[in-house]
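**Q** mmCIF, C-alpha atoms, saved as run01.cif, coming up:
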```cif
data_coords
loop_
_atom_site.group_PDB
_atom_site.id
_atom_site.type_symbol
_atom_site.label_atom_id
_atom_site.label_comp_id
_atom_site.auth_asym_id
_atom_site.auth_seq_id
_atom_site.Cartn_x
_atom_site.Cartn_y
_atom_site.Cartn_z
ATOM 1 C CA MET O 1055 -19.280 23.602 -5.100
ATOM 2 C CA THR O 1056 -16.170 21.471 -5.604
ATOM 3 C CA TYR O 1057 -13.827 20.596 -2.745
ATOM 4 C CA THR O 1058 -11.483 17.844 -1.605
ATOM 5 C CA ILE O 1059 -11.548 15.384 1.256
ATOM 6 C CA THR O 1060 -8.292 13.651 2.211
ATOM 7 C CA LEU O 1061 -7.947 10.539 4.329
ATOM 8 C CA ALA O 1062 -4.260 10.592 5.264
ATOM 9 C CA GLN O 1063 -1.943 7.884 6.556
ATOM 10 C CA MET O 1064 -4.528 5.150 7.013
ATOM 11 C CA ALA O 1065 -2.446 2.270 8.400
ATOM 12 C CA PHE O 1066 -3.081 -1.430 7.807
ATOM 13 C CA HIS O 1067 -1.320 -4.747 8.305
ATOM 14 C CA THR O 1068 -2.010 -6.829 5.201
ATOM 15 C CA HIS O 1069 -1.202 -10.178 3.658
ATOM 16 C CA ILE O 1070 -0.665 -9.118 0.060
ATOM 17 C CA GLY O 1071 2.548 -9.540 -1.890
ATOM 18 C CA VAL O 1072 4.356 -11.533 -4.522
ATOM 19 C CA TYR O 1073 6.477 -13.601 -2.122
ATOM 20 C CA PRO O 1074 5.059 -16.383 0.083
ATOM 21 C CA GLU O 1075 6.463 -14.789 3.258
ATOM 22 C CA GLU O 1076 4.575 -11.569 2.473
ATOM 23 C CA LYS O 1077 1.317 -13.503 2.264
ATOM 24 C CA GLN O 1078 2.071 -15.496 5.415
ATOM 25 C CA ILE O 1079 3.699 -12.956 7.756
ATOM 26 C CA GLY O 1080 2.106 -9.872 6.265
ATOM 27 C CA GLN O 1081 3.367 -6.336 6.049
ATOM 28 C CA ASP O 1082 2.419 -2.784 6.863
ATOM 29 C CA LEU O 1083 0.887 -0.344 4.400
ATOM 30 C CA THR O 1084 -0.182 3.251 4.716
ATOM 31 C CA ILE O 1085 -2.734 4.696 2.347
ATOM 32 C CA ASP O 1086 -3.492 8.288 1.437
ATOM 33 C CA LEU O 1087 -6.714 9.020 -0.422
ATOM 34 C CA THR O 1088 -7.771 12.386 -1.834
ATOM 35 C CA LEU O 1089 -11.279 12.774 -3.209
ATOM 36 C CA THR O 1090 -12.620 15.599 -5.332
ATOM 37 C CA ILE O 1091 -16.239 16.129 -4.383
ATOM 38 C CA VAL O 1092 -19.065 18.096 -5.961
ATOM 39 C CA ALA O 1093 -21.682 18.832 -3.311
ATOM 40 C CA GLU O 1094 -23.212 21.653 -1.289
ATOM 41 C CA PRO O 1095 -22.676 20.851 2.403
ATOM 42 C CA THR O 1096 -25.417 22.663 4.313
ATOM 43 C CA ASN O 1097 -26.795 22.987 7.819
ATOM 44 C CA ASP O 1098 -24.272 20.580 9.328
ATOM 45 C CA ASP O 1099 -26.132 17.752 7.561
ATOM 46 C CA LEU O 1100 -23.954 14.711 6.772
ATOM 47 C CA THR O 1101 -26.215 13.684 3.894
ATOM 48 C CA THR O 1102 -25.216 16.847 2.013
ATOM 49 C CA THR O 1103 -21.590 15.732 1.760
ATOM 50 C CA VAL O 1104 -19.615 12.508 1.345
ATOM 51 C CA ASN O 1105 -19.313 10.411 4.506
ATOM 52 C CA TYR O 1106 -15.569 9.789 4.842
ATOM 53 C CA GLY O 1107 -16.140 7.511 7.839
ATOM 54 C CA ALA O 1108 -18.094 5.131 5.619
ATOM 55 C CA ILE O 1109 -15.354 5.351 2.985
ATOM 56 C CA TYR O 1110 -12.723 4.431 5.575
ATOM 57 C CA ASP O 1111 -14.770 1.416 6.674
ATOM 58 C CA GLU O 1112 -15.066 0.160 3.069
ATOM 59 C CA ILE O 1113 -11.331 0.625 2.467
ATOM 60 C CA LYS O 1114 -10.491 -1.200 5.689
ATOM 61 C CA THR O 1115 -12.693 -4.148 4.723
ATOM 62 C CA LEU O 1116 -11.208 -4.475 1.241
ATOM 63 C CA VAL O 1117 -7.598 -4.133 2.423
ATOM 64 C CA ASN O 1118 -8.101 -6.690 5.189
ATOM 65 C CA GLN O 1119 -9.679 -9.213 2.807
ATOM 66 C CA SER O 1120 -7.362 -8.707 -0.167
ATOM 67 C CA ARG O 1121 -4.709 -11.248 -1.090
ATOM 68 C CA VAL O 1122 -3.548 -9.680 -4.359
ATOM 69 C CA ASP O 1123 0.127 -9.691 -5.270
ATOM 70 C CA LEU O 1124 0.721 -6.069 -6.265
ATOM 71 C CA ILE O 1125 -0.044 -2.766 -4.562
ATOM 72 C CA GLU O 1126 -0.854 -1.485 -8.050
ATOM 73 C CA THR O 1127 -3.711 -4.000 -8.214
ATOM 74 C CA LEU O 1128 -4.890 -3.076 -4.733
ATOM 75 C CA SER O 1129 -4.820 0.604 -5.748
ATOM 76 C CA GLN O 1130 -7.048 -0.091 -8.751
ATOM 77 C CA GLU O 1131 -9.491 -2.117 -6.657
ATOM 78 C CA LEU O 1132 -9.684 0.667 -4.072
ATOM 79 C CA LEU O 1133 -10.296 3.330 -6.722
ATOM 80 C CA ASP O 1134 -13.124 1.243 -8.209
ATOM 81 C CA LEU O 1135 -14.628 0.796 -4.752
ATOM 82 C CA VAL O 1136 -14.393 4.461 -3.766
ATOM 83 C CA LEU O 1137 -15.846 5.823 -6.999
ATOM 84 C CA ASP O 1138 -18.802 3.438 -6.652
ATOM 85 C CA ILE O 1139 -19.612 4.583 -3.105
ATOM 86 C CA ASP O 1140 -20.999 8.017 -3.970
ATOM 87 C CA GLN O 1141 -21.738 9.656 -7.331
ATOM 88 C CA ARG O 1142 -20.631 13.019 -5.902
ATOM 89 C CA ILE O 1143 -17.011 11.804 -5.939
ATOM 90 C CA LEU O 1144 -15.640 13.138 -9.238
ATOM 91 C CA GLU O 1145 -12.026 12.071 -8.869
ATOM 92 C CA ALA O 1146 -9.881 9.991 -6.546
ATOM 93 C CA THR O 1147 -6.126 9.833 -6.068
ATOM 94 C CA ILE O 1148 -4.663 7.047 -3.967
ATOM 95 C CA THR O 1149 -1.117 6.468 -2.754
ATOM 96 C CA ILE O 1150 -0.168 3.177 -1.154
ATOM 97 C CA ASN O 1151 3.091 3.098 0.783
ATOM 98 C CA LYS O 1152 4.523 -0.390 1.259
ATOM 99 C CA MET O 1153 6.761 -0.576 4.322
ATOM 100 C CA GLY O 1154 9.218 -3.301 5.355
ATOM 101 C CA LEU O 1155 10.137 -4.395 1.864
ATOM 102 C CA PRO O 1156 11.755 -7.713 0.958
ATOM 103 C CA ILE O 1157 14.552 -5.797 -0.817
ATOM 104 C CA ASP O 1158 18.229 -6.135 0.018
ATOM 105 C CA GLY O 1159 18.859 -2.433 0.406
ATOM 106 C CA ILE O 1160 18.188 0.610 2.530
ATOM 107 C CA LEU O 1161 14.949 2.446 1.847
ATOM 108 C CA ASP O 1162 11.993 3.586 3.901
ATOM 109 C CA HIS O 1163 9.165 2.431 1.632
ATOM 110 C CA VAL O 1164 7.909 2.143 -1.913
ATOM 111 C CA ALA O 1165 4.869 4.169 -2.984
ATOM 112 C CA VAL O 1166 2.458 3.757 -5.868
ATOM 113 C CA THR O 1167 0.066 6.589 -6.771
ATOM 114 C CA LEU O 1168 -2.928 6.162 -9.076
ATOM 115 C CA ASN O 1169 -5.564 8.673 -10.112
ATOM 116 C CA ARG O 1170 -8.948 8.109 -11.676
ATOM 117 C CA LYS O 1171 -11.668 10.512 -12.776
ATOM 118 C CA ARG O 1172 -15.279 9.425 -12.932
ATOM 119 C CA GLY O 1173 -15.967 8.029 -16.380
ATOM 120 C CA GLY O 1174 -12.471 8.883 -17.596
ATOM 121 C CA ASP O 1175 -11.362 5.354 -18.511
ATOM 122 C CA GLY O 1176 -14.472 3.240 -18.610
ATOM 123 C CA HIS O 1177 -14.662 2.860 -14.816
ATOM 124 C CA ALA O 1178 -17.229 4.267 -12.463
#
```
Re-express the file's structure as structure tokens.

**A**
Amino acid sequence: MTYTITLAQMAFHTHIGVYPEEKQIGQDLTIDLTLTIVAEPTNDDLTTTVNYGAIYDEIKTLVNQSRVDLIETLSQELLDLVLDIDQRILEATITINKMGLPIDGILDHVAVTLNRKRGGDGHA
């Protein structure tokens, strides 16, 4: 059986960014992650599916520790991490929304979306 699991609007305060003030003061991100899973969940047994609570914990740890410059880089690191967590994850799509931008203009946020399939580009 193939199905999806979505972790939506995970919110984090991070210290990533190109500009020194982004690294010092930090900024808010939201992350959406959709996973395509191949598994047969049975008998209400967590081991027969992918544990999205454990995935959230791993994402939280990486985001909190990261000091990369670009959300594109963070997206790639998160995709690598997620696809390594469980072999039943066939595909992952991640969107990172960067709020409070250091841009002289009016906009809500900037979003970057990346997708990776298991084994599709030499990863996972």

**Q** For CA of Gly1071 (chain O) and CA of Arg1172 (chain O), determine how far apart the two atoms are, in Å to one decimal place.

**A**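 Taking CA of Gly1071 (chain O) as the start and CA of Arg1172 (chain O) as the end point, the length is 28.3 Å.
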
**Q** Mind giving me the straight-line distance from CA of Gly1154 (chain O) to CA of Asp1134 (chain O) in Å, one decimal?

**A** 26.5 Å

**Q** When you count all atoms listed in the file, which of these residues is closest to Glu1076 (chain O): O:Ala1146, O:Leu1168, O:Gly1159, O:Leu1124?

**A**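 Among the listed residues, O:Leu1124 lies closest to Glu1076 (chain O).
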
**Q** Near Ser1129 (chain O), within 9 Å and counting only C-alpha atoms, which residues show up once chain neighbours fewer than 2 positions away are dropped, as JSON, numbers by chain?

**A** {"O": [1124, 1125, 1126, 1127, 1131, 1132, 1133, 1134, 1148, 1149, 1150, 1166, 1167, 1168]}

**Q** Dig up all the protein and nucleic acid residues within 10 Å of (-10.0, 10.6, 4.7) in the file frame, using only C-alpha atoms, and format them as a tab-separated table (two decimals) with C-alpha atoms, in the frame of the given file.

**A**
```tsv
chain	number	residue	atom	x	y	z
O	1058	THR	CA	-11.48	17.84	-1.60
O	1059	ILE	CA	-11.55	15.38	1.26
O	1060	THR	CA	-8.29	13.65	2.21
O	1061	LEU	CA	-7.95	10.54	4.33
O	1062	ALA	CA	-4.26	10.59	5.26
O	1063	GLN	CA	-1.94	7.88	6.56
O	1064	MET	CA	-4.53	5.15	7.01
O	1085	ILE	CA	-2.73	4.70	2.35
O	1086	ASP	CA	-3.49	8.29	1.44
O	1087	LEU	CA	-6.71	9.02	-0.42
O	1088	THR	CA	-7.77	12.39	-1.83
O	1089	LEU	CA	-11.28	12.77	-3.21
O	1105	ASN	CA	-19.31	10.41	4.51
O	1106	TYR	CA	-15.57	9.79	4.84
O	1107	GLY	CA	-16.14	7.51	7.84
O	1108	ALA	CA	-18.09	5.13	5.62
O	1109	ILE	CA	-15.35	5.35	2.98
O	1110	TYR	CA	-12.72	4.43	5.58
```

**Q** Which distance in Å separates CA of Asp1123 (chain O) and CA of Ile1070 (chain O), to one decimal?

**A**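 One can read the CA of Asp1123 (chain O) to CA of Ile1070 (chain O) distance as 5.4 Å.
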
**Q** How would you write, as a compact mmCIF listing (two decimals) with C-alpha atoms, in the coordinates of the input, the residues chosen by the PyMOL selection byres ((chain O and resi 1094-1103) around 10) on this structure?

**A**
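Wrote it out as out.txt, contents follow:
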```txt
# COMPACT_ATOMS: atom_id res chain seq x y z
CA MET O 1055 -19.28 23.60 -5.10
CA THR O 1056 -16.17 21.47 -5.60
CA TYR O 1057 -13.83 20.60 -2.74
CA ILE O 1091 -16.24 16.13 -4.38
CA VAL O 1092 -19.07 18.10 -5.96
CA ALA O 1093 -21.68 18.83 -3.31
CA VAL O 1104 -19.61 12.51 1.34
CA ASN O 1105 -19.31 10.41 4.51
CA TYR O 1106 -15.57 9.79 4.84
CA ASP O 1140 -21.00 8.02 -3.97
CA ARG O 1142 -20.63 13.02 -5.90
CA ILE O 1143 -17.01 11.80 -5.94
```

**Q** Adding 3 Å on each side of the box along x, y and z that holds all listed atoms of region 1060-1068 of chain O, could you give its centre and edge lengths in Å to one decimal, as AutoDock Vina command-line options?

**A**
```
--center_x -4.8 --center_y 3.4 --center_z 5.3 --size_x 13.0 --size_y 26.5 --size_z 12.2
```

**Q** Which of these, O:His1163, O:Lys1171, O:Lys1114, O:Lys1152, has the shortest distance to Gly1080 (chain O) once you count all atoms listed in the file?

**A** O:Lys1152

**Q** Could you tell me which residues the PyMOL selection byres ((chain O and resi 1079) around 10) returns for this structure, as an NGL selection string?

**A** :O and (1067-1070 or 1074-1078 or 1080-1081)

**Q** For Thr1090 (chain O), which residue among O:Ile1160, O:Ala1165, O:Leu1116, O:Val1136 is the nearest when counting only C-alpha atoms?

**A**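 For Thr1090 (chain O), the nearest of the given residues is O:Val1136.
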
**Q** With only C-alpha atoms as the basis for distance, which of O:Phe1066, O:Gly1173, O:Gln1119, O:Leu1155 is at the shortest distance from Gln1141 (chain O)?

**A**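 Closest to Gln1141 (chain O) of all the choices is O:Gly1173.
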
**Q** Since the input is missing atoms for region 1060-1071 of chain O, could you rebuild it with all heavy atoms and give the result as a compact mmCIF listing (two decimals), in the coordinates of the input?

**A**
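Output contents, as saved in result_23.txt:
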```txt
# COMPACT_ATOMS: atom_id res chain seq x y z
N THR O 1060 -9.48 14.50 2.18
CA THR O 1060 -8.29 13.65 2.21
C THR O 1060 -8.32 12.77 3.45
O THR O 1060 -8.51 13.27 4.56
CB THR O 1060 -7.00 14.50 2.21
OG1 THR O 1060 -6.98 15.31 1.03
CG2 THR O 1060 -5.77 13.63 2.25
N LEU O 1061 -8.15 11.49 3.24
CA LEU O 1061 -7.95 10.54 4.33
C LEU O 1061 -6.46 10.21 4.29
O LEU O 1061 -5.98 9.59 3.34
CB LEU O 1061 -8.79 9.28 4.13
CG LEU O 1061 -10.30 9.43 4.37
CD1 LEU O 1061 -10.98 10.02 3.15
CD2 LEU O 1061 -10.90 8.11 4.74
N ALA O 1062 -5.72 10.66 5.30
CA ALA O 1062 -4.26 10.59 5.26
C ALA O 1062 -3.70 9.55 6.23
O ALA O 1062 -4.19 9.41 7.36
CB ALA O 1062 -3.66 11.96 5.60
N GLN O 1063 -2.71 8.83 5.74
CA GLN O 1063 -1.94 7.88 6.56
C GLN O 1063 -2.80 6.82 7.24
O GLN O 1063 -2.58 6.49 8.41
CB GLN O 1063 -1.09 8.64 7.58
CG GLN O 1063 0.00 9.50 6.96
CD GLN O 1063 1.04 8.66 6.22
OE1 GLN O 1063 1.68 7.83 6.83
NE2 GLN O 1063 1.17 8.86 4.92
N MET O 1064 -3.78 6.30 6.49
CA MET O 1064 -4.53 5.15 7.01
C MET O 1064 -3.54 3.99 7.08
O MET O 1064 -2.84 3.72 6.11
CB MET O 1064 -5.69 4.80 6.08
CG MET O 1064 -6.74 5.88 5.97
SD MET O 1064 -8.06 5.45 4.79
CE MET O 1064 -7.27 5.88 3.23
N ALA O 1065 -3.45 3.33 8.21
CA ALA O 1065 -2.45 2.27 8.40
C ALA O 1065 -3.11 0.91 8.52
O ALA O 1065 -4.11 0.75 9.25
CB ALA O 1065 -1.61 2.56 9.64
N PHE O 1066 -2.53 -0.08 7.81
CA PHE O 1066 -3.08 -1.43 7.81
C PHE O 1066 -1.95 -2.45 7.81
O PHE O 1066 -0.88 -2.21 7.26
CB PHE O 1066 -3.93 -1.66 6.54
CG PHE O 1066 -5.05 -0.69 6.39
CD1 PHE O 1066 -4.93 0.40 5.54
CD2 PHE O 1066 -6.23 -0.85 7.10
CE1 PHE O 1066 -5.96 1.31 5.39
CE2 PHE O 1066 -7.27 0.06 6.95
CZ PHE O 1066 -7.14 1.14 6.10
N HIS O 1067 -2.21 -3.59 8.42
CA HIS O 1067 -1.32 -4.75 8.30
C HIS O 1067 -2.02 -5.69 7.35
O HIS O 1067 -3.17 -6.10 7.60
CB HIS O 1067 -1.08 -5.41 9.66
CG HIS O 1067 -0.09 -6.52 9.58
ND1 HIS O 1067 1.26 -6.29 9.53
CD2 HIS O 1067 -0.26 -7.86 9.51
CE1 HIS O 1067 1.88 -7.45 9.44
NE2 HIS O 1067 0.98 -8.42 9.42
N THR O 1068 -1.37 -6.04 6.24
CA THR O 1068 -2.01 -6.83 5.20
C THR O 1068 -1.24 -8.10 4.91
O THR O 1068 -0.12 -8.29 5.38
CB THR O 1068 -2.11 -6.03 3.88
OG1 THR O 1068 -0.80 -5.87 3.34
CG2 THR O 1068 -2.74 -4.68 4.09
N HIS O 1069 -1.84 -8.93 4.08
CA HIS O 1069 -1.20 -10.18 3.66
C HIS O 1069 -1.19 -10.26 2.13
O HIS O 1069 -1.51 -11.28 1.55
CB HIS O 1069 -1.91 -11.38 4.28
CG HIS O 1069 -1.72 -11.44 5.76
ND1 HIS O 1069 -0.64 -12.04 6.35
CD2 HIS O 1069 -2.45 -10.89 6.76
CE1 HIS O 1069 -0.73 -11.89 7.65
NE2 HIS O 1069 -1.81 -11.20 7.93
N ILE O 1070 -0.83 -9.14 1.51
CA ILE O 1070 -0.66 -9.12 0.06
C ILE O 1070 0.82 -9.19 -0.26
O ILE O 1070 1.67 -8.98 0.61
CB ILE O 1070 -1.29 -7.85 -0.57
CG1 ILE O 1070 -0.50 -6.60 -0.18
CG2 ILE O 1070 -2.75 -7.72 -0.19
CD1 ILE O 1070 -0.90 -5.37 -0.97
N GLY O 1071 1.15 -9.52 -1.49
CA GLY O 1071 2.55 -9.54 -1.89
C GLY O 1071 2.83 -10.67 -2.86
O GLY O 1071 2.06 -11.62 -2.98
```
